[in-house]
Structure formats: C-alpha cells, structure tokens
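Visitor: This structure is in structure tokens; I'll ask about it shortly.
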Amino acid sequence: MSQERYGTDDEEIDIERVRLGMLAAARDPKTFRVLEGIGVTRGMQVLELGAGAGTVSAWLADRVGDEGRVLSTDIDLQFHADMPANVEVRRHDIESDPLPAGHFDLIHARAVLQHVPSREDVVTKLVDALKPGGWLVLEDGQFMGFGEQGLAEPYRTIHRIISAGSQEEWRDPDFGLQILDRMRAHGLVDLDAVGDLWAMRPGEPGGEWWFLALERAVPHLVAAGIVSEADGEAALAQVREPGFVMLSPASIATIGRKPQV
Ligand SMILES: C[S@@+](CC[C@H](N)C(=O)[O-])C[C@H]1O[C@@H](n2cnc3c(N)ncnc32)[C@H](O)[C@@H]1O
C-alpha cells in the first residue's frame with residue numbers, strides 16, 4: 001500500500017486519525033470477544049499486524065502481562081498510540097520485511113490483508129511465523145452486495161459508484177470470503193469463523209468510519225465530473241440526517257490453529 005495514502009495535508013491526516021479511531025471503536029468489542037474465545041493468556045508472544053491506532057495491541061498487552069510480549073506493526077505508524085512496556089511498536093511492511101519463524105502464540109490482523117496485494121503469500125508467511133499450536137485470527141471484510149443495498153437518491157447512486165471504486169486492482173474487498181479456505185489449505189485446525197454486519201448511523205463509530213471516507217471521496221467525484229456538485233452536497237447532507245441508517249459490509253473473523261507437532 002502506498003505510503004502517500006493520506007497525503008501530507010494536516011487536515012486530511014486528522015480526519016484519517018479520527019476515521020481509524022471510529023473503525024477501532026466500532027470493531028473492537030467484536031474483536032475482543034473473538035480473542036477472548038480462543039483464550040489470550042499471560043506470557044503469550046503476540047503479533048498485531050497492521051495495528052493502525054493500536055487499540056487491539058493495548059488490549060492484548062493487558063492480557064499477556066509482563067511475562068508476554070506484543071509486537072505491534074504497521075507500514076505507517078503515524079496514527080499509532082503510545083504503548084505499555086511489553087509492546088514493541090515497529091514499522092514493518094508485511095509484504096517485504098521478515099518475521100521470525102515459529103515464534104508467535106497468536107497473530108491477529110483486522111482489515112489489513114484486503115489492502116495488501118500479495119495477501120496470499122502473506123498468509124503463508126503468517127502461518128510460518130506461528131509456533132506449533134499457535135492461533136491465527138484474520139478479520140477481513142466482505143463488501144459484495146454492499147453497493148447494491150436500498151438507499152434513497154442521490155446517495156444511492158454515489159454509494160454505488162464509491163463501492164465499485166473500492167474494487168481497485170490492489171484491493172480485494174471480499175478477501176474475508178477466502179480466508180477459511182486458505183487456512184484449511186495450509187493445514188490449520190480448529191477452524192472457525194464469526195461474521196457480522198450492523199446498522200450504520202451518523203454520529204456513531206459504526207457509521208462514521210464510512211461517512212468520513214465519503215466526505216473525502218465526494219469532492220474527487222465532483223472534480224472528475226462524475227457527480228454534480230448539487231448531488232454531492234445533497235448526498236453528504238443525507239447521510240448526516242438524524243434517522244439516516246444503512247447496512248454495513250459484512251466483517252468475517254476467521255480463526256485457525258497451527259497443528260502441534
Ligand atoms: C483499515 S486499517 C486497519 C487498522 C487496524 N487493524 C484496525 O482494524 O483498527 C489498515 C491498516 O493496515 C496497514 N497496512 C497496509 N498495508 C500494510 C503492509 N503492507 N504492512 C503492514 N501494514 C499495512 C495500514 O497502514 C493501516 O493501518
């Protein structure tokens with residue numbers, strides 16, 4: 001993923017910081033339930049990959065205690081919060097930088113692999129980095145159908161355009177659908193999956209992660225002549241109206257365990 005994703009404009013960076021915080025606030029409760037389910041215990045060696053703001057890393061650090069260690073990586077650390085002493089925060093590109101073999105009791109990544117072009121190789125790399133008996137938990141989206149949902153105009157048309165635009169060649173917005181099969185093919189056991197979707201509303205984290213991205217995208221559509229200025233403004237007002245509600249894409253957490261030797 002390009003390191004120029006957020007540009008250098010301070011306001012744009014601030015919006016992205018808020019947006020990542022909204023994504024984390026919306027998704028953390030489910031992530032923590034899934035991780036509670038597999039059992040994160042003191043002394044574990046954990047990798048949080050593509051950590052973003054680091055909210056999951058902080059939760060994991062609390063669970064593994066002083067005897068354990070969390071490696072919290074991201075290709076871009078500008079949004080990463082300060083962490084306790086048992087967390088190592090490292091700038092790391094999962095596509096090109098190495099990971100130690102057979103080292104981690106748990107590797108978790110949320111909404112990361114769908115952005116990574118060589119995601120298939122990355123899954124292999126993550127399996128190699130697990131200890132025997134170690135857990136792999138990968139959460140990714142399933143955007144299929146998200147653009148087709150019932151919505152009032154003019155947002156409906158703009159939503160369809162933006163949803164289709166997110167299918168750029170380096171992204172796989174439906175990678176969440178592939179992971180269970182990849183874990184099976186890598187010989188992982190104790191396979192499981194937990195999927196959910198939710199109602200997205202203005203003023204709530206579960207909606208704002210998307211509406212903030214929309215505010216960034218609409219001016220580009222207007223500048224490119226794809227959407228009229230009036231429709232763009234009306235759509236942005238529409239999603240901010242009290243009572244506006246739409247469906248999220250699905251999010252799938254896939255769980256697997258490397259067999260004991
Ligand atoms: C949608 S954000 C999700 C952040 C966090 N996992 C969460 O769910 O709150 C995707 C994250 O993946 C990171 N990322 C993208 N490509 C990466 C790569 N090649 N190596 C490591 N991190 C990467 C981005 O910098 C970003 O922080």
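Identifiers for the structure tokens are assigned positionally: chains receive A, B, ... in sequence, residues are indexed from 1 per chain, and ligands are indexed from 1 in the order shown.
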Check which residues fall inside 7 Å of ligand 1 when counting only C-alpha atoms and all ligand atoms, and print them as a count of residues only.

Guide: 23

Visitor: Please, which residues of region 21-74 of chain A, numbered as in this document, come out alpha helix (DSSP H) from DSSP, as a list in words?

Guide: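 Listing alpha helix (DSSP H) positions across region 21-74 of chain A yields Gly21, Met22, Leu23, Ala24, Ala25, Ala26, Arg27, Asp28, Pro29, Lys30, Thr31, Phe32, Arg33, Val34, Leu35, Glu36, Gly37, Ile38, Thr55, Val56, Ser57, Ala58, Trp59, Leu60, Ala61, Asp62, Arg63 and Val64 of chain A.
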
Visitor: Considering only C-alpha atoms, can you say which of A:Ala185, A:Pro154, A:Gln260, A:Gln142 comes closest to Glu233 (chain A)?

Guide: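 Comparing A:Ala185, A:Pro154, A:Gln260, A:Gln142 against Glu233 (chain A), the winner is A:Pro154.
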
Visitor: Counting only C-alpha atoms, which residue out of A:Leu60, A:Leu212, A:Leu138, A:Ile107 sits closest to Asp14 (chain A)?

Guide: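 Nearest to Asp14 (chain A): A:Leu212.
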
Visitor: Just give me the gap between CA of Ala58 (chain A) and CA of Ile15 (chain A) in Å, one decimal is fine.

Guide: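 Computed distance, CA of Ala58 (chain A) to CA of Ile15 (chain A), equals 22.2 Å.
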
Visitor: Kindly give the distance, in Å, that separates CA of Trp210 (chain A) and CA of Gly54 (chain A), rounded to a single decimal.

Guide: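 CA of Trp210 (chain A) sits 19.5 Å away from CA of Gly54 (chain A).
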
Visitor: Which residue gives the smallest distance to Pro117 (chain A) among A:Gly39, A:Pro173, A:Gly21, A:Pro259, with only C-alpha atoms counted?

Guide: A:Pro173

Visitor: What separation in Å, quoted to one decimal, exists between CA of Glu120 (chain A) and CA of His80 (chain A)?

Guide: 25.9 Å

Visitor: At a cut-off of 7 Å, using only C-alpha atoms, what residues contact region 238-251 of chain A? Leave out same-chain residues fewer than 3 positions from it and give the result as a PyMOL selection string.

Guide: chain A and resi 139-143+146+195-202+234-235

Visitor: Keeping C-alpha atoms for every residue in the selection just given, could you write it to a file as a compact mmCIF listing (two decimals), in the first residue's frame?

Guide:
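Below you can see result-v3.txt, which holds the result:
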```txt
# COMPACT_ATOMS: atom_id res chain seq x y z
CA GLU A 139 -10.60 -10.34 10.16
CA ASP A 140 -11.50 -9.00 6.75
CA GLY A 141 -14.50 -7.56 5.02
CA GLN A 142 -16.98 -8.84 2.54
CA PHE A 143 -18.14 -5.82 0.54
CA PHE A 146 -22.79 -3.54 -0.04
CA GLY A 195 -19.33 -12.94 10.79
CA ASP A 196 -21.43 -9.87 11.45
CA LEU A 197 -22.90 -6.74 9.98
CA TRP A 198 -24.51 -3.78 11.64
CA ALA A 199 -26.68 -0.69 11.14
CA MET A 200 -24.55 2.36 10.24
CA ARG A 201 -25.81 5.69 11.61
CA PRO A 202 -24.39 9.24 11.63
CA ALA A 234 -27.17 16.62 -1.06
CA ALA A 235 -25.77 13.10 -0.53
```

Visitor: Which residue is closest to Thr254 (chain A)? Choose from A:Arg171, A:His108, A:Lys125, A:Arg216 and count only C-alpha atoms.

Guide: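 Ranking A:Arg171, A:His108, A:Lys125, A:Arg216 by distance to Thr254 (chain A), first place goes to A:His108.
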
Visitor: Measuring between only C-alpha atoms, which one of A:Ile179, A:Ile13, A:Leu130, A:Ala217 shows the shortest distance to Leu99 (chain A)?

Guide: A:Leu130

Visitor: Choose the residue, out of A:Ala213, A:Ala129, A:Val87, A:Val56, that has the smallest atom-to-atom separation from Val34 (chain A); count only C-alpha atoms.

Guide: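 Going through A:Ala213, A:Ala129, A:Val87, A:Val56 one by one, the smallest distance to Val34 (chain A) is for A:Val56.
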
Visitor: Can you check which residues of region 1-186 of chain A DSSP gives as strand (DSSP E or B) on the backbone and send them as an MDAnalysis selection string?

Guide: chainID A and resid 45:49 69:74 87:91 104:110 130:142

Visitor: Would you save the residues of that selection, restricted to C-alpha atoms, as a PDB file, in the first residue's frame?

Guide:
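The result, written out as result_23.pdb:
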```pdb
ATOM      1  CA  GLN A  45       4.058 -13.865  22.266  1.00  0.00           C
ATOM      2  CA  VAL A  46       1.621 -11.987  20.024  1.00  0.00           C
ATOM      3  CA  LEU A  47       1.823 -10.197  16.684  1.00  0.00           C
ATOM      4  CA  GLU A  48      -0.751  -7.483  15.950  1.00  0.00           C
ATOM      5  CA  LEU A  49      -0.256  -6.825  12.244  1.00  0.00           C
ATOM      6  CA  ARG A  69       5.147  -9.541  24.528  1.00  0.00           C
ATOM      7  CA  VAL A  70       3.144  -7.876  21.784  1.00  0.00           C
ATOM      8  CA  LEU A  71       4.809  -6.892  18.523  1.00  0.00           C
ATOM      9  CA  SER A  72       2.599  -4.150  17.084  1.00  0.00           C
ATOM     10  CA  THR A  73       3.453  -3.446  13.456  1.00  0.00           C
ATOM     11  CA  ASP A  74       2.238  -1.176  10.717  1.00  0.00           C
ATOM     12  CA  VAL A  87       4.599  -3.784  23.438  1.00  0.00           C
ATOM     13  CA  GLU A  88       7.221  -3.281  20.758  1.00  0.00           C
ATOM     14  CA  VAL A  89       5.922  -0.903  18.098  1.00  0.00           C
ATOM     15  CA  ARG A  90       7.717  -1.492  14.813  1.00  0.00           C
ATOM     16  CA  ARG A  91       7.417  -0.046  11.337  1.00  0.00           C
ATOM     17  CA  PHE A 104       4.170 -16.388  17.880  1.00  0.00           C
ATOM     18  CA  ASP A 105       1.393 -17.921  20.014  1.00  0.00           C
ATOM     19  CA  LEU A 106      -1.128 -15.630  18.331  1.00  0.00           C
ATOM     20  CA  ILE A 107      -1.169 -13.478  15.201  1.00  0.00           C
ATOM     21  CA  HIS A 108      -4.091 -11.132  14.624  1.00  0.00           C
ATOM     22  CA  ALA A 109      -4.807  -8.757  11.750  1.00  0.00           C
ATOM     23  CA  ARG A 110      -8.015  -6.794  11.150  1.00  0.00           C
ATOM     24  CA  LEU A 130       3.292 -19.275  14.278  1.00  0.00           C
ATOM     25  CA  LYS A 131       4.537 -21.707  16.913  1.00  0.00           C
ATOM     26  CA  PRO A 132       3.021 -25.182  16.717  1.00  0.00           C
ATOM     27  CA  GLY A 133      -0.345 -24.779  18.450  1.00  0.00           C
ATOM     28  CA  GLY A 134      -0.374 -21.021  17.746  1.00  0.00           C
ATOM     29  CA  TRP A 135      -3.543 -19.196  16.662  1.00  0.00           C
ATOM     30  CA  LEU A 136      -4.125 -17.170  13.501  1.00  0.00           C
ATOM     31  CA  VAL A 137      -7.070 -14.741  13.614  1.00  0.00           C
ATOM     32  CA  LEU A 138      -7.691 -12.759  10.416  1.00  0.00           C
ATOM     33  CA  GLU A 139     -10.604 -10.341  10.161  1.00  0.00           C
ATOM     34  CA  ASP A 140     -11.496  -9.001   6.752  1.00  0.00           C
ATOM     35  CA  GLY A 141     -14.496  -7.560   5.022  1.00  0.00           C
ATOM     36  CA  GLN A 142     -16.981  -8.842   2.544  1.00  0.00           C
TER      37      GLN A 142
END
```
